[in-house]
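Undergrad: Below you will find the structure I want to go over with you.
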Amino acid sequence: MNRARVVAACLAASLLVAGCGSGSSQAGSAGGDAFSFAIKSDPGLLDPAQVQNTNTYTALSLAYDTLVNIAPDGRVVTGLAKKWDVKPSSVTFALRPDVTCADGSPVRASTIAANVTHITDPATRSPAYGVLVPEGLTAKADDANDTVTLSTPEPFAFILQSTRYLFMVCGKGLTDRTLLKTSTSGSGPFQLTTAHPNQSYTFTRRTGYAWGAGGATASDPAMPDSVVLKVVGSESTAANLLLSHQLNAAQFAGPDRARVTNVPGITTTAQPNGTQEFFFHQGAGHPGQDPAVRKALLQGVDLHDLGAIATGGTGERPTGLVTQPRPCPGDTVAGHLPAYDPRAAEAALEAAGWHRSGDGVRRKDGKKLTVRMIYGTSGGETMAAAAEYLAGAWKKTGVEVRLRALSDAAYGETETVTQDWDVDWAPIGVTLPTQLLGTLSGPFTPDGGNFAHLTNTTYEKLTSQASKLPGTAGCTKWAASESALFDSGDLIPVVDKTLTTAAHDATFRITAGLFDPTSIRMTGAGK
């Protein structure tokens, strides 16, 4: 799997819970307690420059700050920076002068610059470089004036927003990265104090913290004294622990969400959690190279029913490729996919020269219309059922469909090395449209990340123009570029998965897999 896909998948796996509970915490009613939250796997290496695990992002968001934060409505708000000046290829941040690392050392402009230099150093081999951090990024620090300027060789549309995912290491960890294997060295409101790999990680509150999102502090008495991340691999087990009040919160993507919904004392919030989609391989010799075949295959399947099967009926209609909250709001999908019409699908295949044979399979110049589809076993029973449904619909139109369910380990080899597929169910979750460029355009695999061999000239033209416009100024072009992909049948957004967050005796916010740690409150309800 290419690097962009790996990092995007990390961000997508536990995205978009914009609040848990009612949001009206009973300030002062509890406090001093430990807030316990279930994560699905061990965070592993805790170096922010080497994150390849969603649960690591979640853990690090407790202990590290970023230059800016993103509010639940998508607005950029303060973090380590109190204000900023954005230009097409640079952004200058004015930093808060009172920020301290967990070890008491100051966080200066040179601290920020050192983090950028480390991540962009080729020797670091950071998976974030070129995906979350734009290529060619440089940093110039001015400690005397508490400013730091980040610059790119060419205009970069979301240079400000991209810094939301750049955790700043400070103190001893900045000069000795080996310390970050099992500990944290950040300026965030919590500091890792106890680690039991594959069991739990305890973060202790820093009461003097006063530079959170929008100026939030850690002084509210209803904030917990500690946050305990418990490694719970099974959603069924997490539900049991939540229902028995051995957890304050957990997230559910599968059927166990029903067990914790409408339970007295437990509040739940469901939000979109990334788009499920599939790609047609458009390389030479693949049926998807012909746009008429792509359109006909899409007309031959009910995408609404397909999405319901893929999510067990818990999904929502997709409205775009970038996860919520988006820097560019709006619906890029509606009206850009063909309507379900099996008869039109068959007629289109006939017109394209694919005629039914005695065995019911269409042929052209003696070659069968065969589609090899791959999908991941990690999608579970619902994904397997969706693949069977898709295969059944296409077989009715005269297509021979060969399904292959692949483990995560085998997926990357098949998708990008052997290229032994025609249709790839490959969910991608990104927080900025710029993060899609290397996957949806540019050099083909293996020379680049364009694994489906897409050559949509309209997409390339619009994204090239949008990339030169700062922030939301390019939103109209970003939206049109996504719609152009759907018009051409290059990739097909089927359904938005949802994630349910359930909480007991607590409220908090977690967005794009990252905690807003100063939002955590112990309500004491139900005690």
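Lettering and numbering for the structure tokens are positional, with chains as A, B, ... in the shown order, residues counted from 1 in each chain, and ligands counted from 1 in the shown order.
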Please provide the set of residues having any atom within 9 Å of Gly173 in chain A, restricted to only C-alpha atoms, with same-chain residues fewer than 5 positions apart removed, written as a PDB file with C-alpha atoms, in the first residue's frame.
TA:
ATOM      1  CA  ASP A  47       7.449   9.367  18.362  1.00  0.00           C
ATOM      2  CA  THR A 178      14.989   7.469  21.717  1.00  0.00           C
ATOM      3  CA  LEU A 179      13.084   8.759  24.758  1.00  0.00           C
ATOM      4  CA  LEU A 180       9.945   8.838  22.630  1.00  0.00           C
ATOM      5  CA  SER A 183       7.413   8.237  26.886  1.00  0.00           C
ATOM      6  CA  THR A 184       6.127  11.645  25.843  1.00  0.00           C
ATOM      7  CA  SER A 185       7.946  14.981  25.704  1.00  0.00           C
ATOM      8  CA  GLY A 186       5.341  17.562  24.814  1.00  0.00           C
TER       9      GLY A 186
END
Undergrad: Extract, using only C-alpha atoms, all DNA, RNA and protein residues at most 10 Å from Ala210 in chain A, discarding same-chain residues fewer than 2 positions from it, and format them as an mmCIF file with C-alpha atoms, in the first residue's frame.
TA:
data_model
loop_
_atom_site.group_PDB
_atom_site.id
_atom_site.type_symbol
_atom_site.label_atom_id
_atom_site.label_comp_id
_atom_site.auth_asym_id
_atom_site.auth_seq_id
_atom_site.Cartn_x
_atom_site.Cartn_y
_atom_site.Cartn_z
ATOM 1 C CA ASP A 98 4.148 31.433 28.043
ATOM 2 C CA VAL A 99 4.176 27.845 26.723
ATOM 3 C CA THR A 100 6.251 25.315 28.634
ATOM 4 C CA GLY A 188 0.111 19.270 26.022
ATOM 5 C CA PRO A 189 -2.286 19.219 29.009
ATOM 6 C CA ARG A 206 -0.745 19.395 34.049
ATOM 7 C CA THR A 207 -2.726 21.900 36.123
ATOM 8 C CA GLY A 208 -0.739 24.899 34.872
ATOM 9 C CA GLY A 212 -5.268 24.879 24.554
ATOM 10 C CA ALA A 213 -7.620 25.196 21.598
ATOM 11 C CA GLY A 215 -7.140 29.495 24.792
ATOM 12 C CA ALA A 216 -8.590 26.611 26.835
ATOM 13 C CA THR A 217 -6.941 25.704 30.144
ATOM 14 C CA ALA A 218 -6.651 22.575 32.284
ATOM 15 C CA SER A 219 -7.807 24.288 35.470
ATOM 16 C CA THR A 518 -9.221 20.189 27.633
#
Undergrad: What is the CA of Val91 in chain A to CA of Thr149 in chain A distance in Å?
TA: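 So the answer is 5.7 Å.
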Undergrad: Expressed in Å to a single decimal, how great is the separation between CA of Gln199 in chain A and CA of Val231 in chain A?
TA: 5.1 Å
Undergrad: Among range 133-270 of chain A, which ones does DSSP place in strand (DSSP E), written as a PDB file with C-alpha atoms, in the first residue's frame?
TA:
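The new file out-v3.pdb reads:
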ATOM      1  CA  THR A 138      11.065  24.751   5.572  1.00  0.00           C
ATOM      2  CA  ALA A 139      10.948  26.664   8.851  1.00  0.00           C
ATOM      3  CA  LYS A 140      12.607  29.957   9.849  1.00  0.00           C
ATOM      4  CA  ALA A 141      12.540  30.795  13.558  1.00  0.00           C
ATOM      5  CA  ASP A 142      12.802  34.191  15.251  1.00  0.00           C
ATOM      6  CA  THR A 147       7.578  34.041  15.399  1.00  0.00           C
ATOM      7  CA  VAL A 148       8.181  31.142  13.050  1.00  0.00           C
ATOM      8  CA  THR A 149       7.577  31.073   9.300  1.00  0.00           C
ATOM      9  CA  LEU A 150       6.808  27.859   7.427  1.00  0.00           C
ATOM     10  CA  SER A 151       7.350  28.006   3.662  1.00  0.00           C
ATOM     11  CA  PHE A 190      -1.451  15.615  29.901  1.00  0.00           C
ATOM     12  CA  GLN A 191       1.859  13.775  30.290  1.00  0.00           C
ATOM     13  CA  LEU A 192       2.370  10.019  30.009  1.00  0.00           C
ATOM     14  CA  THR A 193       3.302   8.716  33.455  1.00  0.00           C
ATOM     15  CA  THR A 194       2.637   4.969  33.281  1.00  0.00           C
ATOM     16  CA  ALA A 195       2.793   2.598  30.324  1.00  0.00           C
ATOM     17  CA  HIS A 196       1.839  -1.067  30.251  1.00  0.00           C
ATOM     18  CA  SER A 200      -3.041   0.560  29.381  1.00  0.00           C
ATOM     19  CA  TYR A 201      -1.411   3.979  29.212  1.00  0.00           C
ATOM     20  CA  THR A 202      -1.969   6.582  31.939  1.00  0.00           C
ATOM     21  CA  PHE A 203      -1.613  10.322  31.256  1.00  0.00           C
ATOM     22  CA  THR A 204      -1.538  12.774  34.184  1.00  0.00           C
ATOM     23  CA  ARG A 205      -2.972  16.306  33.997  1.00  0.00           C
ATOM     24  CA  SER A 226      -5.663  11.472  34.608  1.00  0.00           C
ATOM     25  CA  VAL A 227      -6.694   9.837  31.360  1.00  0.00           C
ATOM     26  CA  VAL A 228      -6.281   6.076  31.058  1.00  0.00           C
ATOM     27  CA  LEU A 229      -6.233   4.586  27.572  1.00  0.00           C
ATOM     28  CA  LYS A 230      -7.113   0.902  27.862  1.00  0.00           C
ATOM     29  CA  VAL A 231      -6.190  -1.429  25.010  1.00  0.00           C
ATOM     30  CA  ALA A 249     -16.037   5.804  26.892  1.00  0.00           C
ATOM     31  CA  ALA A 250     -15.484   3.676  23.816  1.00  0.00           C
ATOM     32  CA  GLN A 251     -16.150   3.854  20.076  1.00  0.00           C
ATOM     33  CA  PHE A 252     -18.133   1.318  18.081  1.00  0.00           C
ATOM     34  CA  ILE A 266     -24.913   6.089  28.732  1.00  0.00           C
ATOM     35  CA  THR A 267     -24.940   8.817  26.107  1.00  0.00           C
ATOM     36  CA  THR A 268     -24.185   8.102  22.465  1.00  0.00           C
ATOM     37  CA  THR A 269     -23.277  10.174  19.432  1.00  0.00           C
ATOM     38  CA  ALA A 270     -23.000   8.827  15.873  1.00  0.00           C
TER      39      ALA A 270
END
Undergrad: Report the closest atom pair, with its distance in Å rounded to one decimal, for each residue of range 249-343 of chain A that has an atom no farther than 8 Å from range 377-385 of chain A; count only C-alpha atoms, sort by chain and then rising residue number, and write it as a tab-separated table.
TA:
residue	atom	partner	partner_atom	distance
A:Ile309	CA	A:Thr382	CA	6.1
A:Ala310	CA	A:Thr382	CA	4.9
A:Thr311	CA	A:Thr382	CA	6.2
A:Gly312	CA	A:Thr382	CA	6.1
Undergrad: Generate the output file for the selected residues, C-alpha atoms, as a CSV table (one decimal), in the first residue's frame.
TA:
chain,number,residue,atom,x,y,z
A,309,ILE,CA,-25.1,-3.9,3.0
A,310,ALA,CA,-21.5,-2.7,3.4
A,311,THR,CA,-22.4,-1.0,6.7
A,312,GLY,CA,-25.1,-3.2,8.0
Undergrad: For range 275-286 of chain A, work out the shell of residues within 10 Å, counting only C-alpha atoms and skipping chain neighbours fewer than 2 positions away, then give it as an MDAnalysis selection string.
TA: chainID A and resid 12 272:273 288:291 294 307 310:311 315:323 369:375 383 415 419:430 444 451:455 489:498
Undergrad: Go ahead and compute the interatomic distance for CA of Tyr57 in chain A and CA of Asp505 in chain A, in Å to one decimal.
TA: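 If I compute the distance from CA of Tyr57 in chain A to CA of Asp505 in chain A, I get 24.1 Å.
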Undergrad: Find the residues around Phe156 in chain A up to 12 Å (only C-alpha atoms counted), leave out those fewer than 5 positions away in its own chain, and share them as a short mmCIF file (atom, residue, chain, number, x, y, z; two decimals) with N, CA and C atoms, in the first residue's frame.
TA:
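Final file, part.cif:
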data_model
loop_
_atom_site.label_atom_id
_atom_site.label_comp_id
_atom_site.auth_asym_id
_atom_site.auth_seq_id
_atom_site.Cartn_x
_atom_site.Cartn_y
_atom_site.Cartn_z
N VAL A 86 -1.22 34.26 6.59
CA VAL A 86 -1.12 33.25 5.55
C VAL A 86 -0.90 33.89 4.20
N LYS A 87 0.10 33.37 3.48
CA LYS A 87 0.35 33.75 2.09
C LYS A 87 0.31 32.47 1.26
N PRO A 88 0.25 32.57 -0.07
CA PRO A 88 0.11 31.35 -0.90
C PRO A 88 1.15 30.27 -0.62
N SER A 89 2.40 30.66 -0.33
CA SER A 89 3.43 29.65 -0.11
C SER A 89 4.12 29.77 1.25
N SER A 90 3.47 30.45 2.19
CA SER A 90 4.07 30.55 3.53
C SER A 90 3.00 30.94 4.54
N VAL A 91 3.30 30.67 5.79
CA VAL A 91 2.45 31.13 6.89
C VAL A 91 3.37 31.48 8.05
N GLY A 130 5.25 14.64 2.99
CA GLY A 130 4.67 14.52 1.66
C GLY A 130 3.21 14.16 1.67
N VAL A 133 2.53 16.58 5.88
CA VAL A 133 3.46 17.71 5.83
C VAL A 133 3.88 17.90 4.38
N PRO A 134 3.63 19.07 3.79
CA PRO A 134 3.93 19.26 2.36
C PRO A 134 5.42 19.10 2.06
N GLU A 135 5.72 18.53 0.91
CA GLU A 135 7.10 18.35 0.50
C GLU A 135 7.78 19.71 0.32
N GLY A 136 9.05 19.76 0.72
CA GLY A 136 9.82 21.00 0.59
C GLY A 136 9.57 22.01 1.68
N LEU A 137 8.80 21.65 2.71
CA LEU A 137 8.50 22.59 3.79
C LEU A 137 9.78 22.97 4.54
N LEU A 150 6.74 29.10 8.19
CA LEU A 150 6.81 27.86 7.43
C LEU A 150 6.56 28.19 5.96
N SER A 151 7.43 27.67 5.09
CA SER A 151 7.35 28.01 3.66
C SER A 151 7.45 26.76 2.81
N GLN A 161 -3.88 24.81 7.60
CA GLN A 161 -4.64 23.69 8.16
C GLN A 161 -3.77 22.45 8.35
N SER A 162 -2.76 22.26 7.51
CA SER A 162 -1.93 21.06 7.61
C SER A 162 -1.14 21.01 8.91
N LEU A 432 -7.80 16.78 4.24
CA LEU A 432 -7.58 17.90 3.33
C LEU A 432 -7.55 17.36 1.90
N PRO A 433 -8.11 18.08 0.94
CA PRO A 433 -8.12 17.58 -0.45
C PRO A 433 -6.72 17.44 -1.03
N THR A 434 -5.76 18.20 -0.54
CA THR A 434 -4.40 18.09 -1.04
C THR A 434 -3.80 16.71 -0.76
N GLN A 435 -4.30 16.03 0.27
CA GLN A 435 -3.77 14.71 0.63
C GLN A 435 -4.15 13.63 -0.38
N THR A 463 -7.26 20.86 -9.79
CA THR A 463 -6.47 20.77 -8.55
C THR A 463 -5.18 21.58 -8.67
N SER A 464 -4.62 21.65 -9.87
CA SER A 464 -3.44 22.47 -10.07
C SER A 464 -3.75 23.94 -9.81
N GLN A 465 -4.92 24.37 -10.28
CA GLN A 465 -5.34 25.75 -10.04
C GLN A 465 -5.67 25.99 -8.57
N ALA A 466 -6.40 25.05 -7.97
CA ALA A 466 -6.81 25.20 -6.57
C ALA A 466 -5.62 25.19 -5.63
N SER A 467 -4.60 24.43 -5.96
CA SER A 467 -3.43 24.31 -5.09
C SER A 467 -2.70 25.63 -4.92
N LYS A 468 -2.89 26.52 -5.85
CA LYS A 468 -2.20 27.81 -5.80
C LYS A 468 -2.99 28.87 -5.06
N LEU A 469 -4.20 28.53 -4.62
CA LEU A 469 -5.07 29.47 -3.92
C LEU A 469 -5.05 29.16 -2.43
N PRO A 470 -4.89 30.17 -1.58
CA PRO A 470 -4.78 29.91 -0.15
C PRO A 470 -6.11 29.50 0.48
N GLY A 471 -6.06 28.43 1.29
CA GLY A 471 -7.20 28.01 2.08
C GLY A 471 -8.48 27.84 1.31
N THR A 472 -9.55 28.45 1.85
CA THR A 472 -10.88 28.26 1.28
C THR A 472 -11.09 29.02 -0.04
N ALA A 473 -10.13 29.82 -0.45
CA ALA A 473 -10.28 30.56 -1.72
C ALA A 473 -10.40 29.61 -2.89
N GLY A 474 -9.85 28.39 -2.76
CA GLY A 474 -9.92 27.44 -3.85
C GLY A 474 -11.02 26.42 -3.72
#
Undergrad: Taking 5 positions as the minimum chain separation for residues in the same chain, which residues sit within 10 Å of Ser483 in chain A when counting only C-alpha atoms? Answer as a list in words.
TA: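 Residues near the query, excluding close chain neighbours: Gly320, Leu321, Asp331, Thr332, Val333, Ala334, Gly335, His336, Leu337, Thr458, Tyr459, Lys477, Trp478, Ser488 and Gly489 of chain A.
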Undergrad: Please list as a list in words every residue within 7 Å of Thr439 in chain A, counting only C-alpha atoms and excluding residues in the same chain fewer than 3 positions away.
TA: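 The filter keeps Ala4, Leu436, Gly449, Asn450 and Phe451 of chain A.
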Undergrad: Can you pull out every residue within 10 Å of Ser236 in chain A, counting only C-alpha atoms, but drop anything in the same chain fewer than 2 positions away, and send it as a list of chain:residue names?
TA: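 Once the adjacent positions are removed, what remains is A:Val232, A:Gly233, A:Ser234, A:Ala238, A:Ala239, A:Asn240, A:Leu241, A:Leu242, A:Phe252, A:Gly254, A:Pro255, A:Asp256, A:Arg257, A:Arg259.
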Undergrad: Using the selection just defined, write its residues with N, CA and C atoms as a PDB file, in the first residue's frame.
TA:
ATOM      1  N   VAL A 232      -8.284  -2.387  24.257  1.00  0.00           N
ATOM      2  CA  VAL A 232      -9.383  -3.358  24.215  1.00  0.00           C
ATOM      3  C   VAL A 232      -9.629  -3.683  22.745  1.00  0.00           C
ATOM      4  N   GLY A 233      -9.148  -4.804  22.291  1.00  0.00           N
ATOM      5  CA  GLY A 233      -9.221  -5.137  20.872  1.00  0.00           C
ATOM      6  C   GLY A 233     -10.594  -5.518  20.377  1.00  0.00           C
ATOM      7  N   SER A 234     -11.460  -5.986  21.246  1.00  0.00           N
ATOM      8  CA  SER A 234     -12.787  -6.445  20.860  1.00  0.00           C
ATOM      9  C   SER A 234     -13.845  -5.410  21.219  1.00  0.00           C
ATOM     10  N   ALA A 238     -15.339  -4.208  24.856  1.00  0.00           N
ATOM     11  CA  ALA A 238     -15.461  -2.797  25.219  1.00  0.00           C
ATOM     12  C   ALA A 238     -16.884  -2.468  25.653  1.00  0.00           C
ATOM     13  N   ALA A 239     -17.868  -3.038  24.967  1.00  0.00           N
ATOM     14  CA  ALA A 239     -19.268  -2.815  25.363  1.00  0.00           C
ATOM     15  C   ALA A 239     -19.526  -3.375  26.752  1.00  0.00           C
ATOM     16  N   ASN A 240     -18.991  -4.557  27.030  1.00  0.00           N
ATOM     17  CA  ASN A 240     -19.168  -5.148  28.362  1.00  0.00           C
ATOM     18  C   ASN A 240     -18.564  -4.248  29.441  1.00  0.00           C
ATOM     19  N   LEU A 241     -17.370  -3.730  29.184  1.00  0.00           N
ATOM     20  CA  LEU A 241     -16.697  -2.878  30.164  1.00  0.00           C
ATOM     21  C   LEU A 241     -17.434  -1.563  30.360  1.00  0.00           C
ATOM     22  N   LEU A 242     -17.981  -1.025  29.283  1.00  0.00           N
ATOM     23  CA  LEU A 242     -18.732   0.227  29.398  1.00  0.00           C
ATOM     24  C   LEU A 242     -20.026   0.010  30.173  1.00  0.00           C
ATOM     25  N   PHE A 252     -17.603   2.548  18.665  1.00  0.00           N
ATOM     26  CA  PHE A 252     -18.133   1.318  18.081  1.00  0.00           C
ATOM     27  C   PHE A 252     -18.472   1.534  16.611  1.00  0.00           C
ATOM     28  N   GLY A 254     -19.203  -1.510  14.771  1.00  0.00           N
ATOM     29  CA  GLY A 254     -19.919  -2.729  14.425  1.00  0.00           C
ATOM     30  C   GLY A 254     -21.225  -2.893  15.176  1.00  0.00           C
ATOM     31  N   PRO A 255     -21.760  -4.102  15.201  1.00  0.00           N
ATOM     32  CA  PRO A 255     -23.089  -4.357  15.770  1.00  0.00           C
ATOM     33  C   PRO A 255     -23.188  -4.126  17.273  1.00  0.00           C
ATOM     34  N   ASP A 256     -22.060  -4.093  17.984  1.00  0.00           N
ATOM     35  CA  ASP A 256     -22.120  -3.879  19.430  1.00  0.00           C
ATOM     36  C   ASP A 256     -22.590  -2.481  19.788  1.00  0.00           C
ATOM     37  N   ARG A 257     -22.629  -1.584  18.798  1.00  0.00           N
ATOM     38  CA  ARG A 257     -23.142  -0.248  19.094  1.00  0.00           C
ATOM     39  C   ARG A 257     -24.592  -0.312  19.568  1.00  0.00           C
ATOM     40  N   ARG A 259     -25.896  -2.416  21.545  1.00  0.00           N
ATOM     41  CA  ARG A 259     -25.959  -2.814  22.953  1.00  0.00           C
ATOM     42  C   ARG A 259     -25.794  -1.632  23.895  1.00  0.00           C
TER      43      ARG A 259
END
Undergrad: Identify which of the residues A:Pro127, A:Pro72, A:Pro122, A:Pro43 lies closest to Thr58 in chain A, counting only C-alpha atoms when measuring atom-to-atom distances.
TA: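 Between A:Pro127, A:Pro72, A:Pro122, A:Pro43, the residue approaching Thr58 in chain A most closely is A:Pro43.
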Undergrad: Which residue out of A:Thr120, A:Val107, A:Ala144, A:Tyr340 has the minimum interatomic distance to Leu306 in chain A when only C-alpha atoms are used?
TA: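 So, comparing all the options, the nearest one is A:Tyr340.
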Undergrad: Find the residue from A:Thr182, A:Ser407, A:Ser481, A:Gln52 that sits nearest to Arg125 in chain A; use only C-alpha atoms when measuring.
TA: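 Using only C-alpha atoms, Arg125 in chain A sits closest to A:Gln52.
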